[in-house]
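Q: Before anything else, here's the structure in question.
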Amino acid sequence: MSLVSSRRMPRRLVIALSIATALTVGPAFAQDAAPNAPKVKTATLETVTVTAEKRTEDLQKVPISMTVITAEKLEAFGQAGDGVLQLAARAPSVYAETSYGREFPRFYIRGLGNSDFDLNASQPVSMVYDDIVQENPILKGFPLFDLEQVEVLRGPQGTLFGRNSPAGVIKFESRKPTQETEGYARVSYGSYGTANAEAAIGGKISSDWSGRVSAIAQHRDGWIDNDYKGKKDDLGGYNDRAVRLQALYKHSDDFDALINVHGRLLDGSAMVNRANSITLGSDQFVQGFDRDSVSQDGNNKQHLFTWGSNLHLNWHFGDLNFTSITGLERAQTYSLGDVDGGYDASETPARPSSTDRTTPFYSETADALPKDRQISQEFRLSNDSSERLKWQVGTYYFDEDVAITNYSYDTLNNHALNGLVDQSQHTKAWALFGSTDYQFTDEFDVRAGARWSHDKRDFSAERFLGFTGPIGPLTSKPTDSRWSGDLTGTWQLSKNANVYARVANGFRAPSVQGRITFANSISTARPETVTSYEIGFKSTTEDNKVRFNADIYKYDMHNQQLTAVGGASNVTQLINAKKTQGYGTEFDLEAYLTPQFYMTAGGSYNHTELKDKNLAIAPCGGGCTVLDPLNADGNALINGNSLPNAPKWIGTWTARYGIPYGESGEFFVYTDWNYRSEVNFFLYDSEEFKSKPFLEGGIRVGYNWDFGKREIALYGRNITDKKVITGGIDFNNRTAFVNDPRIIGVEFRAEL
């Protein structure tokens with residue numbers, strides 16, 4: 001295969017690439033030719049500041065197990081068009097997967113997550129983008145571009161973030177406007193027509209105003225043939241575009257205001273399911289499996305539009321600070337796919353194929369989100385962070401209105417509509433919270449926090465067409481109120497090392513599952529609660545060349561909300577497990593081995609176990625080897641099983657080596673390797689529905705000049721071209737999802 005795919009780049013993408021380059025390269029040449037001050041190469045680690053506790057603090061001083069993923073890492077991971085799923089296994093205890101394509105990621109921290117694919121699904125991992133909670137799963141897939149960093153907070157965050165954060169929080173921080181003129185452009189092109197164009201520019205508007213505009217365009221050609229329809233390169237392509245506009249007002253040190261407006265437009269393929277791809281009795285691909293082709297009789301397409309705005313206001317009154325954060329998010333989507341991943345067995349003669357892709361019956365469905373509107377408001381009062389006693393109190397309000405439509409289609413009758421369900425949900429939640437941080441001595445510090453939360457949902461589902469006929473409306477109105485919080489003690493062992501002990505709890509609000517396209521009832525899950533115990537160690541060496549953080553933890557979860565997906569029942573239902581236990585350890589390492597050789601490493605061990613002797617779920621619909629004991633009803637008893645999509649081992653390693661050239665240039669090589677151990681896809685154990693251990697590598701080799709302001713590089717993602725099963729569907733055949741193939745390309749970057 002050639003270094004870069006020879007497939008023609010679409011005209012719109014060419015225009016996008018040209019604009020992105022002009023945004024930065026053009027202004028760069030237009031500026032005065034003042035000499036650039038050389039960037040002094042240091043071999044010491046920079047201080048990493050975070051906002052994990054809604055204050056700007058040194059990472060090493062915050063007594064929470066957390067990882068910071070820098071902008072450089074994000075750029076390297078995302079070169080081949082990866083979206084937010086690129087964070088999977090890039091931080092200890094963090095995993096991510098999807099059965100929905102680019103628009104609907106599902107995250108897991110310390111094994112806790114939710115495999116539900118409904119557009120109403122709640123998640124125990126909270127995604128916070130520029131201080132705004134992204135509640136609906138569709139909002140969580142916003143592309144990563146022009147970010148300052150990503151902060152991964154592991155463990156319950158029940159004080160400052162509250163509901164639906166019992167597993168942890170992933171915080172995304174955009175680069176903010178400044179009075180300095182700055183910007184960049186980054187363009188790349190690779191295999192399968194994979195192209196990225198990303199750019200940002202910002203600076204002074206007036207003495208009081210500064211602004212920043214940033215955008216990204218991602219494209220891939222269709223690369224999967226549909227043998228059934230005789231269409232080459234029919235599936236797998238996408239056009240994903242997003243933009244962010246920011247304006248910062250600052251007249252004095254007493255007041256500032258930040259306005260953010262953002263949007264996203266996605267068109268492409270939904271998840272490509274692959275019928276009969278898993279060998280009976282094992283977790284291997286069937287002989288002759290071809291990642292580049294399928295045979296599907298159903299249709300496939302996906303469209304998404306989201307937009308939002310937020311307003312940050314900050315007042316400073318002497319030693320007091322008052323903050324107001326207002327957010328609005330909206331989303332619309334339609335996603336259609338061939339769920340069974342093949343073609344109906346009644347269609348004869350069988351179409352030519354390298355494997356048997358017929359299924360007992362067809363399943364062609366779509367989900368639409370005609371309305372998703374969320375409004376959030378936070379007020380927070382805090383004192384000056386320089387005080388020995390630091391405190392903050394606040395209120396939070398959340399209002400969400402969601403409408404969902406589920407469709408099913410008669411594939412053999414010209415794809416006529418044969419199933420129609422409407423779901424609606426209105427959620428209102430509010431909270432009062434407060435936290436304190438008191439420095440008792442120079443060596444001992446205590447932090448404590450508490451939050452009172454109230455949550456109410458009003459859910460309704462009605463079927464108008466399909467299955468056993470019209471039904472409903474079926475309703476559910478769960479309500480919940482509860483306390484959550486944390487208590488942490490930190491002991492300073494030396495100037496560069498400390499140890500902390502933390503007890504924290506959190507909860508996930510009640511949730512409702514109303515996919516009644518093939519069912520006659522809805523299900524409601526009670527709130528889940530978790531209490532976590534953690535001991536951590538944070539340190540840097542005297543010469544500040546090595547940073548090492550580690551922790552051990554244990555948690556007990558009660559009434560965990562689980563999703564029994566598909567199987568023999570052909571429905572998706574919410575259930576509660578009586579108890580779930582987890583324990584493990586995590587570490588992060590960052591080091592300069594030489595002035596030119598920099599590396600990072602991270603790893604985790606996570607053990608999870610369900611403890612509910614009476615909990616039973618329907619196993620696969622046929623064609624799999626169930627390993628759990630069955631009860632009298634033929635359901636699998638899952639007591640003692642680990643949680644789905646919860647790898648025991650995760651490891652990540654990056655390294656960069658540079659060779660200086662001339663006065664302002666450098667040749668470099670950057671590589672990253674990420675490992676996760678075996679994962680099980682469902683609550684029950686089987687031989688087939690699991691994924692083998694997976695090691696994925698990436699590399700960048702290039703040259704930068706003008707003190708790093710210009711860079712050209714060759715890159716490779718999944719450089720070993722590893723082929724792995726990433727998920728499955730267990731309705732009636734061994735349908736699999738598969739990872740992307742190797743992508744090789746070239747990239748150019750320029751900065752102002």
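As shown in the structure tokens, the chain order sets the letters A, B, ...; within each chain, residues go from 1, and ligands are also counted from 1 in the order they appear.
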With only C-alpha atoms counted and 8 Å as the cut-off, give the residues of segment 71-99 of chain A in contact with segment 177-195 of chain A, each with its shortest interatomic distance in Å and the pair that gives it, as CSV.
A:
```
residue,atom,partner,partner_atom,distance
A:Gln79,CA,A:Ser188,CA,7.3
A:Ala80,CA,A:Thr194,CA,6.4
A:Gly81,CA,A:Thr194,CA,6.8
```
Q: Within 12 Å of Leu258 of chain A, counting only C-alpha atoms, which residues show up once you throw out same-chain ones fewer than 2 positions away? Write them as a PyMOL selection string, please.
A: chain A and resi 130-131+174-178+208-212+245-250+255-256+260-261+309-314+323-327
Q: Keeping only N, CA and C atoms, write the selected residues as a CSV table (one decimal), in the first residue's frame.
A:
```csv
chain,number,residue,atom,x,y,z
A,130,ASP,N,-15.6,22.6,29.5
A,130,ASP,CA,-15.5,24.0,29.8
A,130,ASP,C,-16.6,24.3,30.9
A,131,ASP,N,-16.5,23.4,32.0
A,131,ASP,CA,-17.3,23.5,33.2
A,131,ASP,C,-18.8,23.3,33.0
A,174,SER,N,-10.8,24.1,27.1
A,174,SER,CA,-10.4,24.7,25.9
A,174,SER,C,-9.4,25.8,26.2
A,175,ARG,N,-8.6,26.1,25.1
A,175,ARG,CA,-7.7,27.2,25.2
A,175,ARG,C,-8.4,28.5,25.2
A,176,LYS,N,-8.2,29.4,26.1
A,176,LYS,CA,-8.9,30.6,26.3
A,176,LYS,C,-8.3,31.8,25.6
A,177,PRO,N,-9.1,32.8,25.2
A,177,PRO,CA,-8.5,34.0,24.5
A,177,PRO,C,-7.6,34.7,25.4
A,178,THR,N,-6.6,35.4,24.8
A,178,THR,CA,-5.7,36.3,25.5
A,178,THR,C,-5.5,37.5,24.7
A,208,ASP,N,-10.2,45.9,26.3
A,208,ASP,CA,-11.0,45.2,27.2
A,208,ASP,C,-11.4,43.8,26.7
A,209,TRP,N,-11.4,43.6,25.4
A,209,TRP,CA,-11.9,42.4,24.8
A,209,TRP,C,-10.8,41.6,24.1
A,210,SER,N,-10.8,40.3,24.2
A,210,SER,CA,-10.0,39.4,23.4
A,210,SER,C,-10.8,38.3,22.9
A,211,GLY,N,-10.4,37.7,21.8
A,211,GLY,CA,-11.3,36.6,21.2
A,211,GLY,C,-10.4,35.5,20.7
A,212,ARG,N,-11.1,34.4,20.4
A,212,ARG,CA,-10.4,33.2,19.8
A,212,ARG,C,-11.5,32.4,19.0
A,245,LEU,N,-16.3,29.5,19.2
A,245,LEU,CA,-16.0,30.9,19.2
A,245,LEU,C,-16.0,31.4,20.7
A,246,GLN,N,-15.0,32.2,21.0
A,246,GLN,CA,-14.9,32.6,22.4
A,246,GLN,C,-14.6,34.1,22.4
A,247,ALA,N,-15.1,34.8,23.4
A,247,ALA,CA,-14.8,36.2,23.6
A,247,ALA,C,-14.7,36.5,25.1
A,248,LEU,N,-13.6,37.1,25.5
A,248,LEU,CA,-13.2,37.4,26.9
A,248,LEU,C,-13.2,38.9,27.1
A,249,TYR,N,-14.0,39.3,28.2
A,249,TYR,CA,-14.0,40.7,28.6
A,249,TYR,C,-13.3,40.8,29.9
A,250,LYS,N,-12.4,41.7,30.0
A,250,LYS,CA,-11.7,42.0,31.3
A,250,LYS,C,-11.3,43.4,31.3
A,255,PHE,N,-13.5,42.1,37.6
A,255,PHE,CA,-14.6,41.4,36.9
A,255,PHE,C,-14.1,40.9,35.5
A,256,ASP,N,-14.5,39.7,35.2
A,256,ASP,CA,-14.2,39.2,33.8
A,256,ASP,C,-15.4,38.3,33.4
A,260,ASN,N,-18.8,31.6,25.3
A,260,ASN,CA,-18.4,30.5,24.4
A,260,ASN,C,-19.6,30.1,23.6
A,261,VAL,N,-19.4,30.0,22.3
A,261,VAL,CA,-20.4,29.4,21.4
A,261,VAL,C,-19.8,28.3,20.6
A,309,SER,N,-23.9,27.1,24.0
A,309,SER,CA,-23.3,28.3,24.5
A,309,SER,C,-23.2,28.3,26.0
A,310,ASN,N,-22.1,28.9,26.5
A,310,ASN,CA,-22.0,29.1,27.9
A,310,ASN,C,-21.4,30.5,28.2
A,311,LEU,N,-21.8,30.9,29.4
A,311,LEU,CA,-21.3,32.2,29.9
A,311,LEU,C,-20.7,32.1,31.3
A,312,HIS,N,-19.4,32.5,31.4
A,312,HIS,CA,-18.8,32.5,32.7
A,312,HIS,C,-18.6,33.9,33.2
A,313,LEU,N,-19.1,34.2,34.3
A,313,LEU,CA,-18.9,35.6,34.9
A,313,LEU,C,-18.2,35.4,36.3
A,314,ASN,N,-17.2,36.3,36.5
A,314,ASN,CA,-16.4,36.2,37.7
A,314,ASN,C,-16.3,37.6,38.3
A,323,THR,N,-18.8,33.5,41.3
A,323,THR,CA,-18.7,32.9,39.9
A,323,THR,C,-20.1,32.5,39.5
A,324,SER,N,-20.5,32.8,38.3
A,324,SER,CA,-21.8,32.3,37.7
A,324,SER,C,-21.4,31.6,36.4
A,325,ILE,N,-21.9,30.4,36.2
A,325,ILE,CA,-21.7,29.6,35.0
A,325,ILE,C,-23.1,29.2,34.4
A,326,THR,N,-23.4,29.7,33.3
A,326,THR,CA,-24.7,29.4,32.6
A,326,THR,C,-24.4,28.6,31.3
A,327,GLY,N,-25.1,27.5,31.2
A,327,GLY,CA,-24.9,26.7,30.0
A,327,GLY,C,-26.2,26.3,29.3
```
Q: Find the residues around Asn733 of chain A up to 7 Å (only C-alpha atoms counted), leave out those fewer than 2 positions away in its own chain, and share them as a list in words.
A: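 Using only C-alpha atoms, the neighbours found are Ala275, Asn276, Thr359, Gly622, Gly623, Asp730, Phe731 and Thr735 of chain A.
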Q: Restricted to C-alpha atoms, what would the selected residues look like written as an mmCIF file, in the first residue's frame?
A:
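Now in selection_4.cif:
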```cif
data_model
loop_
_atom_site.group_PDB
_atom_site.id
_atom_site.type_symbol
_atom_site.label_atom_id
_atom_site.label_comp_id
_atom_site.auth_asym_id
_atom_site.auth_seq_id
_atom_site.Cartn_x
_atom_site.Cartn_y
_atom_site.Cartn_z
ATOM 1 C CA ALA A 275 -22.659 -10.837 11.011
ATOM 2 C CA ASN A 276 -21.231 -14.233 11.985
ATOM 3 C CA THR A 359 -28.846 -14.251 9.660
ATOM 4 C CA GLY A 622 -28.429 -18.419 20.052
ATOM 5 C CA GLY A 623 -25.071 -19.517 18.759
ATOM 6 C CA ASP A 730 -25.960 -11.297 20.723
ATOM 7 C CA PHE A 731 -29.549 -11.310 19.415
ATOM 8 C CA THR A 735 -22.191 -10.157 15.211
#
```
Q: Can you tell me, as a list in words, what residues are no more than 9 Å from Asp240 of chain A when counting only C-alpha atoms, ignoring any on the same chain fewer than 4 positions away?
A: Arg102, Pro143, Ile216, Ala217, Gln218, His219, Arg264, Leu265, Leu266, Asp267 and Gly268 of chain A
Q: Separation of atom CA of Phe398 of chain A and atom CA of Gln374 of chain A, in Å?
A: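 Distance reported for this atom pair: 7.3 Å.
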Q: Skipping near chain neighbours, those fewer than 5 positions away, what residues fall within 8 Å of Gly708 of chain A using only C-alpha atoms, listed as a ChimeraX atom specification?
A: /A:664-666
Q: Take the residues that were just selected and, keeping N, CA and C atoms, output them as an mmCIF file, in the first residue's frame.
A:
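So the final result, stored in result_24.cif, reads:
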```cif
data_model
loop_
_atom_site.group_PDB
_atom_site.id
_atom_site.type_symbol
_atom_site.label_atom_id
_atom_site.label_comp_id
_atom_site.auth_asym_id
_atom_site.auth_seq_id
_atom_site.Cartn_x
_atom_site.Cartn_y
_atom_site.Cartn_z
ATOM 1 N N SER A 664 17.748 26.474 15.100
ATOM 2 C CA SER A 664 16.339 26.506 15.512
ATOM 3 C C SER A 664 15.562 25.261 15.088
ATOM 4 N N GLY A 665 16.249 24.221 14.643
ATOM 5 C CA GLY A 665 15.550 23.048 14.139
ATOM 6 C C GLY A 665 15.770 21.811 14.985
ATOM 7 N N GLU A 666 14.965 20.793 14.716
ATOM 8 C CA GLU A 666 15.063 19.548 15.460
ATOM 9 C C GLU A 666 14.413 18.424 14.666
#
```
Q: In Å, how far is it from atom CA of Gln134 of chain A to atom CA of Ser376 of chain A?
A: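 Atom CA of Ser376 of chain A lies at a distance of 10.1 Å from atom CA of Gln134 of chain A.
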Q: Just the strand (DSSP E) stuff from segment 524-613 of chain A, please, per backbone DSSP, written as a PyMOL selection string.
A: chain A and resi 524-525+528-540+546-566+571-594+597-611
Q: Which residues are near Gly469 of chain A? Cut-off 10 Å, only C-alpha atoms, ignore same chain within fewer than 4 positions. Put them as a VMD selection string.
A: chain A and resid 419 463 to 465 517 520
Q: Taking only C-alpha atoms into account, name the residue in A:Met66, A:Leu752, A:Leu144, A:Val499 that is nearest to Gln86 of chain A.
A: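 Answer, going by the shortest atom-to-atom distance: A:Leu144.
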Q: Which residue gives the smallest distance to His558 of chain A among A:Tyr533, A:Phe507, A:Phe444, A:Trp223, with only C-alpha atoms counted?
A: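 Counting only C-alpha atoms, the residue closest to His558 of chain A is A:Phe507.
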Q: Here is a test: counting only C-alpha atoms, which residue of A:Asp283, A:Glu751, A:Glu173, A:Asp116 is nearest to Thr70 of chain A?
A: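 Ranked by minimum distance to Thr70 of chain A, first place goes to A:Glu173.
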Q: Contacts of Thr279 of chain A at 10 Å or less, counting only C-alpha atoms, minus same-chain residues fewer than 3 places along, as a list in words?
A: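 What passes the distance filter is Asn276, Ser282, Asp283, Gln284, Phe285, Val286, Gln287, Gly623, Cys624, Glu687, Glu688 and Arg734 of chain A.
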Q: Output C-alpha atoms for every residue in that selection, as a compact mmCIF listing (two decimals), in the first residue's frame.
A:
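File produced: out-v4.txt:
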```
# COMPACT_ATOMS: atom_id res chain seq x y z
CA ASN A 276 -21.23 -14.23 11.98
CA SER A 282 -13.89 -18.99 20.89
CA ASP A 283 -13.26 -15.25 20.79
CA GLN A 284 -11.47 -15.34 17.45
CA PHE A 285 -12.52 -14.09 14.04
CA VAL A 286 -13.95 -16.71 11.71
CA GLN A 287 -11.57 -18.03 9.09
CA GLY A 623 -25.07 -19.52 18.76
CA CYS A 624 -22.86 -18.87 21.77
CA GLU A 687 -16.57 -18.00 25.10
CA GLU A 688 -17.44 -15.78 22.17
CA ARG A 734 -22.31 -13.72 16.53
```
Q: With distances taken over only C-alpha atoms, which of A:Asp437, A:Glu364, A:Asp480, A:Asp234 is nearest to Glu387 of chain A?
A: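 Looking only at the distances to Glu387 of chain A, the closest residue turns out to be A:Asp437.
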Q: Produce a table with one row for each residue of segment 433-516 of chain A that has an atom at most 9 Å from any atom of segment 145-168 of chain A, each row naming the nearest atom pair and its distance in Å at one decimal; use only C-alpha atoms; arrange rows by chain and rising residue number; format as a Markdown table.
A:
```
| residue | atom | partner | partner_atom | distance |
| --- | --- | --- | --- | --- |
| A:Phe433 | CA | A:Thr159 | CA | 6.4 |
| A:Gly434 | CA | A:Thr159 | CA | 7.3 |
| A:Ser435 | CA | A:Thr159 | CA | 7.4 |
| A:Ala448 | CA | A:Thr159 | CA | 8.9 |
| A:Gly449 | CA | A:Thr159 | CA | 5.7 |
| A:Ala450 | CA | A:Thr159 | CA | 5.3 |
| A:Arg451 | CA | A:Thr159 | CA | 5.1 |
| A:Trp452 | CA | A:Gly162 | CA | 8.5 |
| A:Ser453 | CA | A:Gly162 | CA | 7.3 |
| A:His454 | CA | A:Arg163 | CA | 9.0 |
| A:Asp455 | CA | A:Arg163 | CA | 8.4 |
| A:Trp483 | CA | A:Gly158 | CA | 8.6 |
| A:Ser484 | CA | A:Gly158 | CA | 5.2 |
| A:Gly485 | CA | A:Thr159 | CA | 4.7 |
| A:Asp486 | CA | A:Thr159 | CA | 6.7 |
| A:Ala504 | CA | A:Pro156 | CA | 6.0 |
| A:Asn505 | CA | A:Pro156 | CA | 5.5 |
| A:Gly506 | CA | A:Gly158 | CA | 4.4 |
| A:Phe507 | CA | A:Pro166 | CA | 5.2 |
| A:Arg508 | CA | A:Asn164 | CA | 4.2 |
| A:Ala509 | CA | A:Arg163 | CA | 6.3 |
```
Q: Please save C-alpha atoms of the selected residues as a PDB file, in the first residue's frame.
A:
```pdb
ATOM      1  CA  PHE A 433     -22.763  22.135  47.969  1.00  0.00           C
ATOM      2  CA  GLY A 434     -19.813  23.310  49.992  1.00  0.00           C
ATOM      3  CA  SER A 435     -16.184  22.372  50.558  1.00  0.00           C
ATOM      4  CA  ALA A 448     -13.954  18.048  53.292  1.00  0.00           C
ATOM      5  CA  GLY A 449     -17.086  18.586  51.255  1.00  0.00           C
ATOM      6  CA  ALA A 450     -20.777  17.798  51.180  1.00  0.00           C
ATOM      7  CA  ARG A 451     -23.586  18.099  48.668  1.00  0.00           C
ATOM      8  CA  TRP A 452     -27.370  17.780  48.908  1.00  0.00           C
ATOM      9  CA  SER A 453     -28.943  16.781  45.584  1.00  0.00           C
ATOM     10  CA  HIS A 454     -32.522  16.431  44.427  1.00  0.00           C
ATOM     11  CA  ASP A 455     -33.426  14.763  41.133  1.00  0.00           C
ATOM     12  CA  TRP A 483     -26.263  13.520  50.471  1.00  0.00           C
ATOM     13  CA  SER A 484     -22.828  12.902  48.981  1.00  0.00           C
ATOM     14  CA  GLY A 485     -19.371  14.170  49.834  1.00  0.00           C
ATOM     15  CA  ASP A 486     -15.735  13.488  50.621  1.00  0.00           C
ATOM     16  CA  ALA A 504     -15.640   9.749  49.042  1.00  0.00           C
ATOM     17  CA  ASN A 505     -19.098   8.758  47.964  1.00  0.00           C
ATOM     18  CA  GLY A 506     -21.303   9.501  45.024  1.00  0.00           C
ATOM     19  CA  PHE A 507     -24.475   8.399  43.320  1.00  0.00           C
ATOM     20  CA  ARG A 508     -26.223   8.011  39.999  1.00  0.00           C
ATOM     21  CA  ALA A 509     -29.777   9.283  39.847  1.00  0.00           C
TER      22      ALA A 509
END
```
Q: Go through A:Thr475, A:Asn496, A:Asn718, A:Thr51 and flag the residue nearest Ile522 of chain A, using only C-alpha atoms for the distances.
A: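 Between A:Thr475, A:Asn496, A:Asn718, A:Thr51, the residue approaching Ile522 of chain A most closely is A:Thr475.
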